[in-house]
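Okay, structure00.txt now, which holds compact mmCIF, C-alpha atoms:
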```
# COMPACT_ATOMS: atom_id res chain seq x y z
CA MET A 93 5.44 14.94 53.80
CA PRO A 94 8.27 12.46 54.40
CA HIS A 95 6.16 9.97 56.38
CA LEU A 96 3.96 9.26 53.32
CA PRO A 97 5.09 6.90 50.51
CA GLU A 98 6.01 8.64 47.25
CA PHE A 99 5.28 7.32 43.76
CA ARG A 100 8.52 6.52 41.88
CA PRO A 101 7.86 6.62 38.10
CA ASP A 102 10.98 4.66 37.07
CA VAL A 103 10.06 1.76 39.40
CA ASP A 104 6.36 1.86 40.23
CA MET A 105 5.10 2.50 36.67
CA VAL A 106 6.09 -1.04 35.62
CA LYS A 107 3.24 -2.50 37.68
CA VAL A 108 1.00 0.24 39.05
CA LYS A 109 -0.40 -0.21 42.56
CA PHE A 110 -2.30 2.38 44.59
CA GLN A 111 -2.62 2.80 48.34
CA LYS A 112 -4.08 5.39 50.63
CA GLY A 113 -1.58 8.16 51.39
CA LEU A 114 0.47 7.61 48.18
CA VAL A 115 2.00 10.94 47.10
CA PHE A 116 2.36 12.21 43.50
CA GLN A 117 4.38 15.18 42.31
CA SER A 118 1.38 16.72 40.54
CA GLY A 119 -2.19 16.14 39.46
CA SER A 120 -0.94 15.54 35.91
CA GLN A 121 1.33 12.73 37.08
CA PHE A 122 -1.49 11.22 39.12
CA LYS A 123 -3.82 11.11 36.09
CA ASP A 124 -1.09 9.59 33.90
CA VAL A 125 -0.60 6.82 36.46
CA VAL A 126 -4.36 6.17 36.59
CA ARG A 127 -4.41 5.83 32.80
CA GLU A 128 -1.48 3.40 32.92
CA TYR A 129 -3.25 1.37 35.63
CA ALA A 130 -6.41 1.17 33.50
CA ILE A 131 -4.48 -0.14 30.49
CA GLN A 132 -2.37 -2.60 32.48
CA ASN A 133 -5.43 -4.10 34.18
CA GLY A 134 -7.89 -3.84 31.28
CA LYS A 135 -10.42 -1.76 33.20
CA ASP A 136 -12.82 0.92 31.98
CA ILE A 137 -11.63 3.70 34.29
CA PHE A 138 -12.91 7.26 33.81
CA PHE A 139 -12.49 10.56 35.64
CA LYS A 140 -15.75 11.41 37.37
CA LYS A 141 -14.20 14.60 38.79
CA ASN A 142 -11.26 16.30 37.11
CA GLU A 143 -10.38 19.63 38.70
CA PRO A 144 -7.09 21.47 39.36
CA THR A 145 -7.25 20.67 43.07
CA ARG A 146 -8.93 17.25 43.14
CA VAL A 147 -9.43 14.23 40.89
CA ARG A 148 -11.82 11.29 41.37
CA ALA A 149 -11.48 8.17 39.20
CA LYS A 150 -14.10 5.42 39.01
CA CYS A 151 -14.51 2.13 37.18
CA GLY A 152 -17.17 2.05 34.48
CA GLY A 153 -17.91 -1.64 34.96
CA VAL A 154 -21.49 -2.57 35.92
CA ASN A 155 -21.89 -2.12 39.69
CA CYS A 156 -18.10 -2.07 40.12
CA PRO A 157 -17.15 -0.33 43.42
CA TRP A 158 -13.54 0.51 42.46
CA GLU A 159 -12.84 4.18 43.22
CA LEU A 160 -9.78 6.41 43.68
CA TYR A 161 -9.70 9.98 44.95
CA ALA A 162 -6.71 12.34 45.33
CA SER A 163 -6.35 16.04 46.06
CA LYS A 164 -3.70 18.75 46.48
CA ILE A 165 -1.79 19.28 49.71
CA ASP A 166 -2.26 22.92 50.74
CA ASP A 167 -0.71 25.30 48.17
CA THR A 168 1.80 22.82 46.74
CA PRO A 169 1.43 20.98 43.40
CA THR A 170 1.64 17.67 45.27
CA PHE A 171 -1.36 15.29 45.13
CA VAL A 172 -2.03 12.60 47.72
CA VAL A 173 -4.49 9.66 47.60
CA LYS A 174 -7.24 10.26 50.17
CA THR A 175 -9.73 7.50 49.29
CA PHE A 176 -9.11 4.14 47.61
CA ASN A 177 -11.40 1.14 47.11
CA GLU A 178 -9.33 -1.45 45.24
CA THR A 179 -12.11 -4.01 44.68
CA HIS A 180 -13.12 -4.76 41.08
CA GLN A 181 -16.30 -6.67 40.24
CA CYS A 182 -15.99 -6.42 36.47
CA PRO A 183 -14.26 -8.52 33.77
CA ARG A 184 -11.20 -7.43 31.82
CA ILE A 185 -11.83 -5.51 28.57
CA ASN A 186 -9.65 -5.62 25.43
CA ALA A 187 -10.26 -2.01 24.38
CA ASN A 188 -9.34 1.05 26.38
CA ARG A 189 -10.07 4.75 26.01
CA PHE A 190 -6.63 5.66 27.39
CA ALA A 191 -4.69 3.56 24.86
CA THR A 192 -4.57 6.41 22.34
CA GLY A 193 -2.32 6.72 19.32
CA LYS A 194 -0.12 9.13 21.28
CA TRP A 195 0.19 6.73 24.22
CA LEU A 196 1.06 3.84 21.89
CA GLY A 197 3.56 6.00 19.99
CA LYS A 198 5.36 6.91 23.22
CA LYS A 199 5.22 3.35 24.58
CA TYR A 200 6.82 1.85 21.46
CA LEU A 201 9.06 4.77 20.52
CA ASP A 202 12.33 2.83 20.91
CA GLU A 203 11.03 -0.05 18.79
CA PHE A 204 9.87 2.35 16.06
CA LYS A 205 13.42 3.76 16.03
CA MET A 206 14.83 0.28 15.34
CA HIS A 207 12.08 -0.71 12.86
CA ASP A 208 11.33 2.36 10.74
CA LYS A 209 9.26 0.24 8.33
CA TRP A 210 7.24 -1.58 10.99
CA GLY A 211 4.01 -2.77 9.36
CA ILE A 212 0.62 -1.83 10.78
CA SER A 213 -0.59 -5.44 11.10
CA SER A 214 2.59 -6.53 12.88
CA PHE A 215 2.30 -3.57 15.25
CA GLN A 216 -1.32 -4.47 16.07
CA LEU A 217 -0.28 -8.03 16.91
CA LYS A 218 2.57 -6.76 19.12
CA VAL A 219 0.23 -4.47 21.08
CA GLY A 220 -2.30 -7.26 21.50
CA LYS A 221 0.35 -9.62 22.82
CA ASP A 222 1.93 -7.10 25.21
CA HIS A 223 -1.19 -5.48 26.67
CA THR A 224 -4.13 -7.73 25.70
CA LEU A 225 -5.42 -4.78 23.71
CA LYS A 226 -7.29 -4.72 20.42
CA ILE A 227 -6.53 -1.55 18.45
CA SER A 228 -7.85 -0.43 15.08
CA ARG A 229 -5.67 0.10 12.01
CA ASP A 230 -6.39 3.84 12.22
CA LYS A 231 -5.12 3.99 15.80
CA ALA A 232 -2.03 1.95 14.88
CA TYR A 233 -1.33 4.31 12.00
CA ARG A 234 -1.71 7.34 14.30
CA ALA A 235 0.74 5.75 16.73
CA ARG A 236 3.30 5.20 13.98
CA THR A 237 2.82 8.74 12.69
CA PHE A 238 3.29 10.20 16.18
CA ALA A 239 6.45 8.12 16.69
CA SER A 240 7.85 9.18 13.30
CA LYS A 241 7.26 12.85 14.05
CA THR A 242 8.85 12.48 17.47
CA ILE A 243 11.89 10.72 16.04
CA GLU A 244 12.39 12.82 12.93
CA GLY A 245 10.51 16.00 13.81
CA SER A 246 7.60 17.26 11.74
CA TYR A 247 8.12 18.27 8.12
CA GLU A 248 7.52 21.88 9.04
CA GLU A 249 10.14 21.77 11.79
CA GLN A 250 12.66 20.27 9.39
CA TYR A 251 12.02 22.92 6.75
CA ASN A 252 12.50 25.61 9.39
CA VAL A 253 16.05 24.46 10.11
CA LEU A 254 17.14 24.23 6.46
CA TRP A 255 18.97 27.54 6.66
CA ASP A 256 20.91 26.38 9.73
CA TYR A 257 21.67 23.14 7.89
CA ALA A 258 22.98 25.11 4.89
CA GLU A 259 25.30 27.17 7.08
CA GLU A 260 26.54 24.02 8.85
CA ILE A 261 27.44 22.47 5.47
CA LYS A 262 29.36 25.59 4.45
CA TRP A 263 31.18 25.65 7.79
CA THR A 264 32.15 21.97 7.93
CA ASN A 265 32.81 21.47 4.19
CA LYS A 266 34.59 24.58 2.99
CA GLY A 267 33.87 25.62 -0.58
CA SER A 268 30.42 24.02 -0.67
CA THR A 269 27.61 25.67 -2.60
CA VAL A 270 24.15 25.66 -0.98
CA GLU A 271 21.37 27.66 -2.61
CA ILE A 272 17.85 27.88 -1.17
CA LEU A 273 15.04 29.47 -3.16
CA THR A 274 11.78 30.47 -1.45
CA ASP A 275 8.34 31.85 -2.24
CA LYS A 276 6.39 34.20 -0.02
CA THR A 277 3.13 33.12 1.56
CA GLU A 278 0.11 35.40 1.88
CA ASP A 279 1.28 36.53 5.32
CA GLY A 280 4.72 37.43 3.95
CA LYS A 281 6.62 34.48 5.44
CA PRO A 282 9.14 32.57 3.28
CA ARG A 283 8.07 29.15 2.01
CA PHE A 284 10.57 26.57 0.73
CA LYS A 285 10.69 26.11 -3.04
CA ARG A 286 14.07 24.69 -4.10
CA MET A 287 17.43 23.70 -2.66
CA TYR A 288 20.72 23.00 -4.45
CA ILE A 289 23.79 21.40 -2.83
CA CYS A 290 27.27 20.80 -4.21
CA TYR A 291 29.74 19.77 -1.50
CA GLY A 292 33.14 21.44 -1.63
CA GLY A 293 35.05 18.14 -1.45
CA LEU A 294 33.10 16.64 -4.35
CA LYS A 295 33.46 19.83 -6.37
CA GLN A 296 37.23 19.85 -5.92
CA GLY A 297 37.53 16.13 -6.66
CA PHE A 298 35.57 16.47 -9.90
CA ASN A 299 37.50 19.49 -11.14
CA GLU A 300 40.86 17.86 -10.39
CA GLY A 301 40.33 14.22 -11.35
CA CYS A 302 37.19 13.53 -13.37
CA ARG A 303 36.45 13.54 -17.07
CA PRO A 304 34.38 16.38 -18.59
CA VAL A 305 31.31 14.14 -18.74
CA VAL A 306 28.18 14.81 -16.67
CA GLY A 307 25.02 12.69 -16.41
CA LEU A 308 21.80 14.52 -15.49
CA ASP A 309 18.59 12.91 -14.31
CA GLY A 310 15.62 13.45 -12.03
CA CYS A 311 13.25 11.32 -9.98
CA HIS A 312 10.14 11.81 -7.86
CA THR A 313 10.28 12.33 -4.10
CA LYS A 314 7.39 11.04 -2.00
CA GLY A 315 5.86 12.19 1.25
CA VAL A 316 3.58 14.94 2.52
CA HIS A 317 5.35 17.51 0.33
CA PRO A 318 6.24 15.69 -2.92
CA GLY A 319 8.64 17.12 -5.48
CA GLN A 320 11.56 16.18 -7.72
CA LEU A 321 15.17 15.29 -6.98
CA LEU A 322 17.61 16.46 -9.69
CA THR A 323 21.09 14.95 -9.78
CA ALA A 324 24.41 15.42 -11.56
CA VAL A 325 26.86 12.50 -11.75
CA GLY A 326 30.34 12.44 -13.26
CA ILE A 327 32.81 9.73 -14.34
CA ASP A 328 36.15 9.38 -12.58
CA GLY A 329 39.43 8.03 -13.95
CA ASN A 330 38.36 4.44 -13.21
CA ASN A 331 35.14 4.78 -15.26
CA GLN A 332 33.10 4.75 -12.04
CA MET A 333 30.23 7.04 -11.11
CA TYR A 334 31.14 10.16 -9.16
CA PRO A 335 28.39 12.17 -7.39
CA VAL A 336 28.64 15.88 -8.10
CA ALA A 337 25.52 17.82 -7.05
CA PHE A 338 21.81 17.46 -6.34
CA ALA A 339 18.76 19.64 -5.87
CA VAL A 340 15.23 19.31 -4.53
CA VAL A 341 12.75 21.21 -6.70
CA GLU A 342 8.99 21.55 -7.03
CA ILE A 343 8.69 20.09 -10.55
CA GLU A 344 10.89 18.90 -13.41
CA ASN A 345 10.71 21.43 -16.26
CA LYS A 346 12.83 23.90 -18.22
CA ASP A 347 12.84 26.48 -15.41
CA THR A 348 14.04 24.12 -12.67
CA TRP A 349 16.60 22.42 -14.90
CA SER A 350 17.95 25.78 -16.10
CA TRP A 351 18.33 26.88 -12.48
CA PHE A 352 20.14 23.64 -11.64
CA VAL A 353 22.53 23.49 -14.62
CA ASN A 354 23.50 27.17 -14.31
CA LEU A 355 24.54 26.62 -10.70
CA LEU A 356 26.34 23.45 -11.77
CA ARG A 357 28.17 25.30 -14.55
CA ASP A 358 29.58 27.80 -12.03
CA ASP A 359 30.64 25.05 -9.61
CA LEU A 360 32.38 22.97 -12.29
CA LYS A 361 33.91 26.08 -13.91
CA ILE A 362 32.48 25.27 -17.33
CA GLU A 363 33.58 28.23 -19.44
CA ASN A 364 34.28 26.54 -22.79
CA SER A 365 31.63 24.03 -23.79
CA LEU A 366 33.51 22.42 -26.68
CA HIS A 367 35.08 19.52 -24.74
CA TRP A 368 32.14 18.80 -22.42
CA SER A 369 29.57 16.02 -22.80
CA PHE A 370 26.17 15.78 -21.09
CA ILE A 371 24.20 12.53 -20.87
CA THR A 372 20.44 12.79 -20.26
CA ASP A 373 17.13 11.16 -21.01
CA LYS A 374 14.74 12.82 -23.48
CA GLN A 375 13.04 15.06 -20.92
CA LYS A 376 12.13 18.14 -22.94
CA GLY A 377 12.71 20.63 -20.14
CA LEU A 378 16.23 19.29 -19.66
CA GLU A 379 17.03 19.45 -23.37
CA GLN A 380 15.82 23.05 -23.55
CA ALA A 381 17.82 23.99 -20.44
CA LEU A 382 21.02 22.62 -21.96
CA LYS A 383 20.42 24.39 -25.27
CA GLY A 384 20.00 27.70 -23.46
CA LEU A 385 23.00 27.16 -21.20
CA TRP A 386 25.65 28.61 -23.51
CA GLY A 387 23.93 31.65 -24.99
CA ASP A 388 23.59 32.75 -28.61
CA GLY A 389 26.57 32.24 -30.87
CA ILE A 390 28.39 29.87 -28.49
CA PRO A 391 28.74 26.24 -29.67
CA GLU A 392 26.82 23.73 -27.57
CA ALA A 393 28.50 20.95 -25.63
CA GLU A 394 28.08 17.37 -26.79
CA HIS A 395 24.62 16.18 -25.75
CA ARG A 396 23.99 12.45 -25.52
CA HIS A 397 20.93 10.44 -24.54
CA CYS A 398 21.09 7.57 -22.07
CA VAL A 399 20.59 4.32 -24.03
CA ARG A 400 19.07 2.66 -20.97
CA HIS A 401 16.20 5.17 -21.04
CA LEU A 402 15.93 4.75 -24.81
CA GLU A 403 15.73 0.97 -24.42
CA LYS A 404 12.90 1.21 -21.88
CA ASN A 405 10.81 3.29 -24.27
CA PHE A 406 11.77 1.10 -27.25
CA ILE A 407 10.71 -2.23 -25.70
CA LYS A 408 7.33 -0.79 -24.75
CA VAL A 409 6.57 -0.67 -28.48
CA PHE A 410 8.77 -3.47 -29.85
CA LYS A 411 8.79 -6.62 -27.70
CA ASP A 412 11.27 -8.64 -29.79
CA LYS A 413 14.42 -9.44 -27.77
CA THR A 414 16.48 -9.58 -30.97
CA LEU A 415 15.58 -5.97 -31.72
CA LYS A 416 16.65 -4.94 -28.22
CA ASN A 417 20.01 -6.65 -28.64
CA LEU A 418 20.51 -4.97 -32.02
CA LEU A 419 19.71 -1.58 -30.44
CA TRP A 420 22.59 -2.04 -28.02
CA LYS A 421 24.85 -3.29 -30.81
CA ALA A 422 24.10 -0.14 -32.83
CA ALA A 423 24.69 2.07 -29.78
CA LYS A 424 28.09 0.49 -29.14
CA SER A 425 29.25 0.51 -32.77
CA ASP A 426 32.47 2.50 -33.00
CA THR A 427 32.41 3.27 -36.75
CA VAL A 428 29.75 4.64 -39.07
CA ARG A 429 30.00 1.60 -41.35
CA ARG A 430 29.35 -0.83 -38.51
CA PHE A 431 26.47 1.31 -37.23
CA GLU A 432 24.85 1.40 -40.66
CA ALA A 433 25.22 -2.38 -41.03
CA VAL A 434 23.42 -2.98 -37.71
CA MET A 435 20.66 -0.52 -38.62
CA GLU A 436 20.18 -2.37 -41.91
CA GLU A 437 19.67 -5.59 -39.92
CA ILE A 438 17.01 -3.83 -37.84
CA LYS A 439 15.31 -2.48 -40.96
CA VAL A 440 15.10 -5.94 -42.52
CA LEU A 441 13.72 -7.41 -39.29
CA ASP A 442 11.21 -4.64 -38.55
CA GLU A 443 11.02 -1.46 -40.61
CA GLU A 444 8.87 0.33 -38.02
CA ALA A 445 11.54 -0.26 -35.37
CA PHE A 446 14.14 1.17 -37.75
CA LYS A 447 12.04 4.33 -38.29
CA TRP A 448 11.47 4.67 -34.52
CA LEU A 449 15.21 4.57 -33.78
CA MET A 450 16.09 6.97 -36.58
CA ALA A 451 13.46 9.42 -35.30
CA ALA A 452 15.12 9.21 -31.85
CA GLY A 453 18.24 10.87 -33.31
CA PRO A 454 21.13 8.35 -33.58
CA HIS A 455 23.65 11.18 -33.21
CA HIS A 456 22.46 11.45 -29.58
CA TRP A 457 22.74 7.77 -28.66
CA SER A 458 25.18 6.00 -31.02
CA ARG A 459 28.91 5.94 -30.26
CA ALA A 460 29.72 6.01 -33.97
CA LEU A 461 28.03 9.34 -34.77
```
Structure encoded using structure tokens:
Amino acid sequence: MPHLPEFRPDVDMVKVKFQKGLVFQSGSQFKDVVREYAIQNGKDIFFKKNEPTRVRAKCGGVNCPWELYASKIDDTPTFVVKTFNETHQCPRINANRFATGKWLGKKYLDEFKMHDKWGISSFQLKVGKDHTLKISRDKAYRARTFASKTIEGSYEEQYNVLWDYAEEIKWTNKGSTVEILTDKTEDGKPRFKRMYICYGGLKQGFNEGCRPVVGLDGCHTKGVHPGQLLTAVGIDGNNQMYPVAFAVVEIENKDTWSWFVNLLRDDLKIENSLHWSFITDKQKGLEQALKGLWGDGIPEAEHRHCVRHLEKNFIKVFKDKTLKNLLWKAAKSDTVRRFEAVMEEIKVLDEEAFKWLMAAGPHHWSRAL
């Protein structure tokens, strides 16, 4: 009906105003605009009648006459305002049933994109300033969660596209290795378990220009589906760290480390272990995985422990800074005689510290041995 004014969302939603004869594209749009009006004006609006062909909104204020009624035009989806009493006789309220977590998440979606670590308290203050609204921490948290899912997609959606992601890596970075391991759920559908990635460019760079030294370590991943991140790092010709491969696994143990290092061995073409060195912490599962990597009768590669990890465990027991400095001096000693001299100093200073370090296996952490 061209002679009737039409609601323009991009313009009229900024400051909602109703009038008799105003046309909306659908009943859904009409109700959304009513909700926006209620929030903008701080009024307790509710839908007294909410049917597919007609909607009546009223104000819940005491004896407030405000009322709005719209219905469909013939067999079209279009709704038109038939009755409108714009008079309010009620004060503004600072809480609103329509200001849901979903509404807030949509309203502040762009700002959540720019501030991914936006604090709950700061968000509450922002909403209060913009809309004269008081929202609970729970509602603010729901808004942030909705915005995060909208921006990043739900965890389930992201897991569902892992296989497409793997194929994209192989297509754009030729020679890459991507392995995905799954379990089966009770209904027979695959469920993500592990994922290993070694990019083709990194693989080639390591094999052509890095030393045969690999550092292995793991750390926790947080979130709705926690797990472990396993990593392999090399050393390039400038003595700088060189990323090689990583994997996301369910837990850090012998099984997951064995799976990881066997894939890594194939990617780095490790056929003869004699000239290779691996640096790790003292995680038992990792040690066992490395021992089983070469098979019976094949000499093991050099296996060293990270002194930084050793130091962290050492200072938990022995607080003396002098002992810590001597530990590093012993680790850096380049001859057996110098190493033994430093260990003798430690023994004189604290015999228990000496025994602790000897039990840690100096051949794994001292340069001299």
Computed interatomic separation between atom CA of Cys398 of chain A and atom CA of His455 of chain A (Å): 12.0 Å
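Among the candidates A:Val219, A:Cys290, A:Val115, A:Ala235, the one nearest to Lys164 of chain A when counting all atoms listed in the file is A:Val115.
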Between A:Gln380, A:Asn299, A:Asn252, A:Thr264, single out the one closest to Arg283 of chain A, counting all atoms listed in the file.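 Under the stated criterion, the closest residue is A:Asn252.
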Contacts of Glu403 of chain A within 10 Å, only C-alpha atoms, excl. fewer than 3 positions in-chain, as a compact mmCIF listing (two decimals) with C-alpha atoms, in the frame of the given file:
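This went into around_27.txt:
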```txt
# COMPACT_ATOMS: atom_id res chain seq x y z
CA CYS A 398 21.09 7.57 -22.07
CA VAL A 399 20.59 4.32 -24.03
CA ARG A 400 19.07 2.66 -20.97
CA PHE A 406 11.77 1.10 -27.25
CA ILE A 407 10.71 -2.23 -25.70
CA LYS A 408 7.33 -0.79 -24.75
CA PHE A 410 8.77 -3.47 -29.85
CA LYS A 416 16.65 -4.94 -28.22
CA ASN A 417 20.01 -6.65 -28.64
CA LEU A 419 19.71 -1.58 -30.44
CA TRP A 420 22.59 -2.04 -28.02
```
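Here the question is which of A:Ala162, A:Ala460, A:Ile327, A:Val409 gets nearest to Asp442 of chain A using all atoms listed in the file, and that residue is A:Val409.
Polymer residues near (14.2, 2.8, -39.4): counting all atoms listed in the file with a cut-off of 12 Å, they are Leu415, Leu419, Glu432, Val434, Met435, Glu436, Glu437, Ile438, Lys439, Val440, Leu441, Asp442, Glu443, Glu444, Ala445, Phe446, Lys447, Trp448, Leu449, Met450, Ala451, Ala452, Gly453 and Pro454 of chain A.
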Env of Phe139 of chain A: 9 Å cut, atoms = all atoms listed in the file, seq-sep filter 6 positions within chain, self excluded. Answer as a list in words.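 Surrounding residues, per the criterion: Lys123, Val147, Arg148, Ala149, Lys150 and Cys151 of chain A.
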From the set A:His312, A:Arg146, A:Thr192, A:Leu366, which residue has the shortest atom-to-atom contact distance to Glu344 of chain A, counting only C-alpha atoms? A:His312
Within-7 Å shell of (-17.1, -5.9, 37.7) in input frame, all atoms listed in the file, as a PDB file with C-alpha atoms, in the frame of the given file:
```pdb
ATOM      1  CA  GLY A 153     -17.910  -1.640  34.960  1.00  0.00           C
ATOM      2  CA  VAL A 154     -21.490  -2.570  35.920  1.00  0.00           C
ATOM      3  CA  ASN A 155     -21.890  -2.120  39.690  1.00  0.00           C
ATOM      4  CA  CYS A 156     -18.100  -2.070  40.120  1.00  0.00           C
ATOM      5  CA  HIS A 180     -13.120  -4.760  41.080  1.00  0.00           C
ATOM      6  CA  GLN A 181     -16.300  -6.670  40.240  1.00  0.00           C
ATOM      7  CA  CYS A 182     -15.990  -6.420  36.470  1.00  0.00           C
ATOM      8  CA  PRO A 183     -14.260  -8.520  33.770  1.00  0.00           C
TER       9      PRO A 183
END
```
Between A:Phe110, A:Tyr288, A:Trp368, A:Phe238, which one has atoms that come closest to Leu254 of chain A, using only C-alpha atoms?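 Among the listed residues, the smallest separation from Leu254 of chain A belongs to A:Tyr288.
All residues of protein, DNA or RNA that reach within 12 Å of Arg189 of chain A, judged by all atoms listed in the file and not counting those fewer than 4 positions away in the chain, are Arg127, Glu128, Ala130, Ile131, Gly134, Lys135, Asp136, Ile137, Phe138, Phe139, Gly152, Ile185, Gly193, Lys194, Trp195, Leu196, Leu225, Lys226, Ile227 and Lys231 of chain A.
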Any chance you could export the current selection's C-alpha atoms as a PDB file, keeping the file's coordinate frame?
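The resulting file, again-v6.pdb, is reproduced below:
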```pdb
ATOM      1  CA  ARG A 127      -4.410   5.830  32.800  1.00  0.00           C
ATOM      2  CA  GLU A 128      -1.480   3.400  32.920  1.00  0.00           C
ATOM      3  CA  ALA A 130      -6.410   1.170  33.500  1.00  0.00           C
ATOM      4  CA  ILE A 131      -4.480  -0.140  30.490  1.00  0.00           C
ATOM      5  CA  GLY A 134      -7.890  -3.840  31.280  1.00  0.00           C
ATOM      6  CA  LYS A 135     -10.420  -1.760  33.200  1.00  0.00           C
ATOM      7  CA  ASP A 136     -12.820   0.920  31.980  1.00  0.00           C
ATOM      8  CA  ILE A 137     -11.630   3.700  34.290  1.00  0.00           C
ATOM      9  CA  PHE A 138     -12.910   7.260  33.810  1.00  0.00           C
ATOM     10  CA  PHE A 139     -12.490  10.560  35.640  1.00  0.00           C
ATOM     11  CA  GLY A 152     -17.170   2.050  34.480  1.00  0.00           C
ATOM     12  CA  ILE A 185     -11.830  -5.510  28.570  1.00  0.00           C
ATOM     13  CA  GLY A 193      -2.320   6.720  19.320  1.00  0.00           C
ATOM     14  CA  LYS A 194      -0.120   9.130  21.280  1.00  0.00           C
ATOM     15  CA  TRP A 195       0.190   6.730  24.220  1.00  0.00           C
ATOM     16  CA  LEU A 196       1.060   3.840  21.890  1.00  0.00           C
ATOM     17  CA  LEU A 225      -5.420  -4.780  23.710  1.00  0.00           C
ATOM     18  CA  LYS A 226      -7.290  -4.720  20.420  1.00  0.00           C
ATOM     19  CA  ILE A 227      -6.530  -1.550  18.450  1.00  0.00           C
ATOM     20  CA  LYS A 231      -5.120   3.990  15.800  1.00  0.00           C
TER      21      LYS A 231
END
```
Measuring between all atoms listed in the file, which one of A:Thr175, A:Met287, A:Val316, A:Val125 shows the shortest distance to Ser246 of chain A?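 Of the candidates, the smallest distance to Ser246 of chain A is held by A:Val316.
Picture a line from atom CA of Arg234 of chain A to atom CA of Glu249 of chain A; it runs 18.8 Å.
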Mind checking which residues fall within 9 Å of Lys266 of chain A, counting only C-alpha atoms, ignoring those fewer than 6 positions away in the same chain, and posting them as a PDB file with C-alpha atoms, in the frame of the given file?
```pdb
ATOM      1  CA  TYR A 291      29.740  19.770  -1.500  1.00  0.00           C
ATOM      2  CA  GLY A 292      33.140  21.440  -1.630  1.00  0.00           C
ATOM      3  CA  GLY A 293      35.050  18.140  -1.450  1.00  0.00           C
TER       4      GLY A 293
END
```
Tell me which protein, DNA and RNA residues are within 10 Å of Asp347 of chain A, counting all atoms listed in the file, leaving out same-chain ones fewer than 2 positions away, and put them as a list in words.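 Close residues of Asp347 of chain A: Ile343, Glu344, Asn345, Trp349, Ser350, Trp351, Phe352, Gly377, Leu378, Gln380 and Ala381 of chain A.
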Mind giving me the straight-line distance from atom CA of Asn177 of chain A to atom CA of Gln132 of chain A in Å, one decimal?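 For atom CA of Asn177 of chain A relative to atom CA of Gln132 of chain A, the distance reads 17.6 Å.
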